[in-house]
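Undergrad: Before I ask anything, let me first share the structure, which is written out below as structure tokens.
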Protein chains: 2
Amino acid sequence: MNLPQFRRIPNHIGIIPDGNRRWAEEKGLARESGYQFGIEPGLQLYHLCLALGVKELTFYGFTQDNTKRPARQKEAFKKACVESVKKLAGYDASLRVIGDVNSPSFPPELVPYTKRVTFGQGLIKINFLVNYGWQWDLKYGLSQKGKSPGQGRGLQKFIASSDVSRVDLIIRWGGRRRLSGFLPVQSIYSDFYIIDDYWPDFKPQHFFDALRWYETQDITLGG
Amino acid sequence: MNLPQFRRIPNHIGIIPDGNRRWAEEKGLARESGYQFGIEPGLQLYHLCLALGVKELTFYGFTQDNTKRPARQKEAFKKACVESVKKLAGYDASLRVIGDVNSPSFPPELVPYTKRVTFGQGLIKINFLVNYGWQWDLKYGLSQKGKSPGQGRGLQKFIASSDVSRVDLIIRWGGRRRLSGFLPVQSIYSDFYIIDDYWPDFKPQHFFDALRWYETQDITLGG
């Protein structure tokens, strides 16, 4: 594939791969069967990011909110996340799974990835959110005894996801225009790009459209 | 005006009134002169919300990030916020100004409004963010000694804006697709609607379009 050229590439891209269940439903499949069709798109996106020089990529795997869904769906999205992480670990990456590991909803197979591990040269930093919760993330700092962010000290070091940097561009598939708890601190200044197609219908052109839009946006960081 | 009918009205609407400087520039005016043209749109919007039965309305006045701008702009947006709050206080509202009052950037005229005050019957709750900072808001909880949000206890009571409820719909004028630090905890599940026109070009139809879109969205709260 000939890659398009961009004037400006975001440093850190957040991916909200939504619409798996609606995709399955439209195909006449069981709703939970959509998740397995979301694995390959993630790998495609990884390769595009690597080729374009994106430095950091965060996938919204599943959240603590999601775990309230029916058991079959829960098993299906856990399985898809486990497979995705294992496949990414076969490529070049500095990979870490981030989420509440002290919960039965956390897949035991992913525990070894909760410390950042470098595969190959670690050319791209990948954060994969698994059993992630925004309250879990923010409360981390609140429960650290004897520490407090004083004047002029960054808040970010007091959250559970402190290892994840500011997100420049969030791309959400599936048409919803909301964050749904995705990294609230790192998303403060992020630009949002929404793709109406469902995640299993991922096309490289979706991603290029998002980058083409992003390069026209100013960066003010709230200033 | 005949108000359109809606099947579902958001409980709490957040308003990001952006594009004042770009509006002035396009008119050949000094950039800072745009803010004064943003006062009347806010009052119009207030009346529409009251008429439609919206329970809570939050205006993004100015932020601590904004105060890094040139002095003339800073004076202009402070003045516009002071006038807006004083005018809203003449109508029916349960009004509160929320922001870091311990800073020279906070307009002294607005100190009396930093405790919630009821005007008339208090039919609508209005939060007006002035010298608001997302770090200021979140750090509040981190600096409360001896308190900690344990398992199952809401995080919201530990932030400076704990009096502000979850935002259902955020409407941003001026085309930017970002939160720019707007109430990170209350915006976790919010739907975003972007209007490309600049805020001083506010038309009731913008607002109706946002509500028409909102009534087609599902509410899952991340589930």
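Just remember, in the structure tokens the first chain shown is A, the second B, etc., residues are 1-based per chain, and ligands are 1-based in the order shown.
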If the cut-off is 8 Å, can you tell me the residues of chain B near chain A, counting only C-alpha atoms? I'd like them as a ChimeraX atom specification.
TA: /B:65-69,135,139,141-143,148-150,155,176-182,184-185,188-193,217,221-223
Undergrad: Show me, as an MDAnalysis selection string, the residues that have an atom within 7 Å of segment 12-25 of chain A when counting only C-alpha atoms, minus same-chain residues fewer than 6 positions from it.
TA: chainID A and resid 31:35 38 54:60 167:174 198:200
Undergrad: Running DSSP on the backbone, which parts of segment 64-193 of chain B land in alpha helix (DSSP H), as a ChimeraX atom specification?
TA: /B:71-88,134-142
Undergrad: What would the file look like if the residues just selected were written as an mmCIF file, in the first residue's frame with N, CA and C atoms?
TA:
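This went into result-v2.cif:
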data_model
loop_
_atom_site.group_PDB
_atom_site.id
_atom_site.type_symbol
_atom_site.label_atom_id
_atom_site.label_comp_id
_atom_site.auth_asym_id
_atom_site.auth_seq_id
_atom_site.Cartn_x
_atom_site.Cartn_y
_atom_site.Cartn_z
ATOM 1 N N ALA B 71 -3.143 40.362 27.826
ATOM 2 C CA ALA B 71 -3.905 41.072 28.868
ATOM 3 C C ALA B 71 -5.223 41.648 28.355
ATOM 4 N N ARG B 72 -5.212 42.190 27.135
ATOM 5 C CA ARG B 72 -6.450 42.798 26.624
ATOM 6 C C ARG B 72 -7.561 41.770 26.435
ATOM 7 N N GLN B 73 -7.161 40.561 25.969
ATOM 8 C CA GLN B 73 -8.158 39.499 25.812
ATOM 9 C C GLN B 73 -8.672 39.057 27.179
ATOM 10 N N LYS B 74 -7.726 38.936 28.107
ATOM 11 C CA LYS B 74 -8.072 38.478 29.450
ATOM 12 C C LYS B 74 -9.079 39.431 30.095
ATOM 13 N N GLU B 75 -8.808 40.722 29.970
ATOM 14 C CA GLU B 75 -9.736 41.700 30.543
ATOM 15 C C GLU B 75 -11.105 41.606 29.877
ATOM 16 N N ALA B 76 -11.083 41.393 28.552
ATOM 17 C CA ALA B 76 -12.340 41.364 27.804
ATOM 18 C C ALA B 76 -13.197 40.150 28.180
ATOM 19 N N PHE B 77 -12.546 38.947 28.313
ATOM 20 C CA PHE B 77 -13.408 37.791 28.640
ATOM 21 C C PHE B 77 -13.843 37.804 30.110
ATOM 22 N N LYS B 78 -13.016 38.393 30.973
ATOM 23 C CA LYS B 78 -13.444 38.534 32.373
ATOM 24 C C LYS B 78 -14.674 39.451 32.451
ATOM 25 N N LYS B 79 -14.602 40.567 31.738
ATOM 26 C CA LYS B 79 -15.705 41.533 31.735
ATOM 27 C C LYS B 79 -16.986 40.891 31.209
ATOM 28 N N ALA B 80 -16.865 40.126 30.137
ATOM 29 C CA ALA B 80 -18.048 39.481 29.555
ATOM 30 C C ALA B 80 -18.654 38.468 30.537
ATOM 31 N N CYS B 81 -17.804 37.767 31.282
ATOM 32 C CA CYS B 81 -18.315 36.812 32.267
ATOM 33 C C CYS B 81 -19.021 37.528 33.412
ATOM 34 N N VAL B 82 -18.417 38.601 33.893
ATOM 35 C CA VAL B 82 -19.031 39.355 34.992
ATOM 36 C C VAL B 82 -20.411 39.862 34.567
ATOM 37 N N GLU B 83 -20.482 40.440 33.380
ATOM 38 C CA GLU B 83 -21.780 40.951 32.888
ATOM 39 C C GLU B 83 -22.797 39.834 32.732
ATOM 40 N N SER B 84 -22.340 38.712 32.203
ATOM 41 C CA SER B 84 -23.262 37.589 31.983
ATOM 42 C C SER B 84 -23.850 37.097 33.297
ATOM 43 N N VAL B 85 -22.982 36.912 34.295
ATOM 44 C CA VAL B 85 -23.460 36.414 35.588
ATOM 45 C C VAL B 85 -24.433 37.414 36.206
ATOM 46 N N LYS B 86 -24.098 38.687 36.140
ATOM 47 C CA LYS B 86 -24.976 39.702 36.737
ATOM 48 C C LYS B 86 -26.330 39.728 36.038
ATOM 49 N N LYS B 87 -26.336 39.546 34.730
ATOM 50 C CA LYS B 87 -27.615 39.522 34.016
ATOM 51 C C LYS B 87 -28.416 38.272 34.356
ATOM 52 N N LEU B 88 -27.735 37.130 34.430
ATOM 53 C CA LEU B 88 -28.443 35.886 34.778
ATOM 54 C C LEU B 88 -29.048 35.990 36.175
ATOM 55 N N TRP B 134 -9.225 22.309 35.194
ATOM 56 C CA TRP B 134 -9.502 20.884 35.420
ATOM 57 C C TRP B 134 -8.573 20.323 36.483
ATOM 58 N N GLN B 135 -7.330 20.823 36.530
ATOM 59 C CA GLN B 135 -6.411 20.339 37.567
ATOM 60 C C GLN B 135 -6.860 20.859 38.932
ATOM 61 N N TRP B 136 -7.269 22.117 38.966
ATOM 62 C CA TRP B 136 -7.801 22.695 40.206
ATOM 63 C C TRP B 136 -8.978 21.859 40.706
ATOM 64 N N ASP B 137 -9.851 21.471 39.787
ATOM 65 C CA ASP B 137 -11.058 20.717 40.140
ATOM 66 C C ASP B 137 -10.702 19.334 40.703
ATOM 67 N N LEU B 138 -9.851 18.616 39.990
ATOM 68 C CA LEU B 138 -9.519 17.246 40.409
ATOM 69 C C LEU B 138 -8.600 17.215 41.618
ATOM 70 N N LYS B 139 -7.715 18.190 41.711
ATOM 71 C CA LYS B 139 -6.755 18.186 42.824
ATOM 72 C C LYS B 139 -7.408 18.433 44.163
ATOM 73 N N TYR B 140 -8.583 19.050 44.111
ATOM 74 C CA TYR B 140 -9.290 19.360 45.347
ATOM 75 C C TYR B 140 -9.388 18.127 46.242
ATOM 76 N N GLY B 141 -9.828 17.019 45.650
ATOM 77 C CA GLY B 141 -9.986 15.779 46.415
ATOM 78 C C GLY B 141 -8.667 15.237 46.915
ATOM 79 N N LEU B 142 -7.637 15.391 46.072
ATOM 80 C CA LEU B 142 -6.329 14.859 46.436
ATOM 81 C C LEU B 142 -5.727 15.607 47.620
#
Undergrad: How many Å separate atom CA of Glu215 of chain A from atom CA of Arg8 of chain A?
TA: 5.4 Å
Undergrad: In Å, rounded to a single decimal, give me how far atom CA of Arg212 of chain B is from atom CA of Ile195 of chain A.
TA: 20.0 Å
Undergrad: Applying 9 Å and only C-alpha atoms, which residues near Arg116 of chain B remain after dropping the ones on its own chain fewer than 3 positions away? List them as JSON, numbers by chain.
TA: {"B": [94, 95, 96, 97, 113, 127]}
Undergrad: So, with only C-alpha atoms as the atoms that count, which of B:Gly90, B:Met1, B:Gly61, B:Ser105 lies closest to Val130 of chain B?
TA: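 Closest candidate: B:Gly61.
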Undergrad: What does the distance between atom CA of Gln186 of chain A and atom CA of Pro4 of chain A come to in Å, to one decimal place?
TA: 27.6 Å
Undergrad: Which residues are close to Gln5 of chain A, i.e. within 10 Å by only C-alpha atoms, leaving aside same-chain residues fewer than 3 positions away? Reply as a list in words.
TA: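 My reading of the contact set: Asn2, Arg8, Ile9, Leu52, Phe208, Leu211 and Arg212 of chain A.
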Undergrad: Excluding Gly99 of chain A and residues on its chain fewer than 3 positions from it, collect all residues at most 6 Å away from it, counting only C-alpha atoms, and give them as a count of residues only.
TA: 4
